[in-house]
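Undergrad: Handing you a structure now.
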Amino acid sequence: MAMKVDVSLCLLVIPIVLSLLLSSHHFAKADNEIGKPLITATCSQTEFPDVCISTLESDPRSSSANLTGLSRIGLELAITKADEIKADAYTLIFNATSYHNWDIRSSCFGAYNLSFYPFNESLQYFDELKYNESYRIVDTFNKGLHYCIDVGVTELAAGITFLTKFTTDVKAILHLLF
């Protein structure tokens, strides 16, 4: 009877060990993935995969980045785009054709500028491996992006719509790190 229990136990243990070995091999392979396969696999887990893929592939560093590198590149690209929109918002103030136009554009710029600086600091938290804090800052920035459109600064709509989508994707990528 003792022999029968040992054999039955072995038959239970062997499949469990094999499944653990195979699954850890799968995860190890995913951790070592880089380039286009990693971009595709990562972006498929985001809300706007086409925006994610095209934006990350536009940066040549992405072709050799691991998941952490890809996350940082995404964050940098989002900050760069946010800075471009901030410059556009500033320029619009000086091209206002009326006091009302100037007023809403100034309000837009002020609100955007207030949220931009913490967003820019999200890289510092990322570099300190505080991915959850970086995520929180991106989330806060993302939630405030539509203010300029809401107050009527339609000239920024295309850029803000893109940035809303991409920061949503960056949040999803950052979330994979914690």
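Residues are named by chain letter and number: chains run A, B, ... in the order of the structure tokens, numbers start at 1 in each chain, and ligands are numbered from 1 in the order shown.
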Which residues in segment 40-90 of chain A does DSSP call alpha helix (DSSP H)? List them as a ChimeraX atom specification.
TA: /A:40-43,49-57,67-90
Undergrad: For Asp103 of chain A, which of A:Gly152, A:Thr42, A:Asp83, A:Tyr135 is the closest residue, counting only C-alpha atoms?
TA: A:Gly152
Undergrad: As a list in words, please: the residues near Ala41 of chain A (cut-off 10 Å, only C-alpha atoms, same-chain neighbours under 6 positions excluded).
TA: Ala30, Glu33, Ile34, Pro49 and Ile53 of chain A
Undergrad: Using only C-alpha atoms, find the one residue out of A:Phe94, A:Lys130, A:Tyr99, A:Ala87 that sits nearest to Asn113 of chain A.
TA: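 Among the listed residues, the smallest separation from Asn113 of chain A belongs to A:Ala87.
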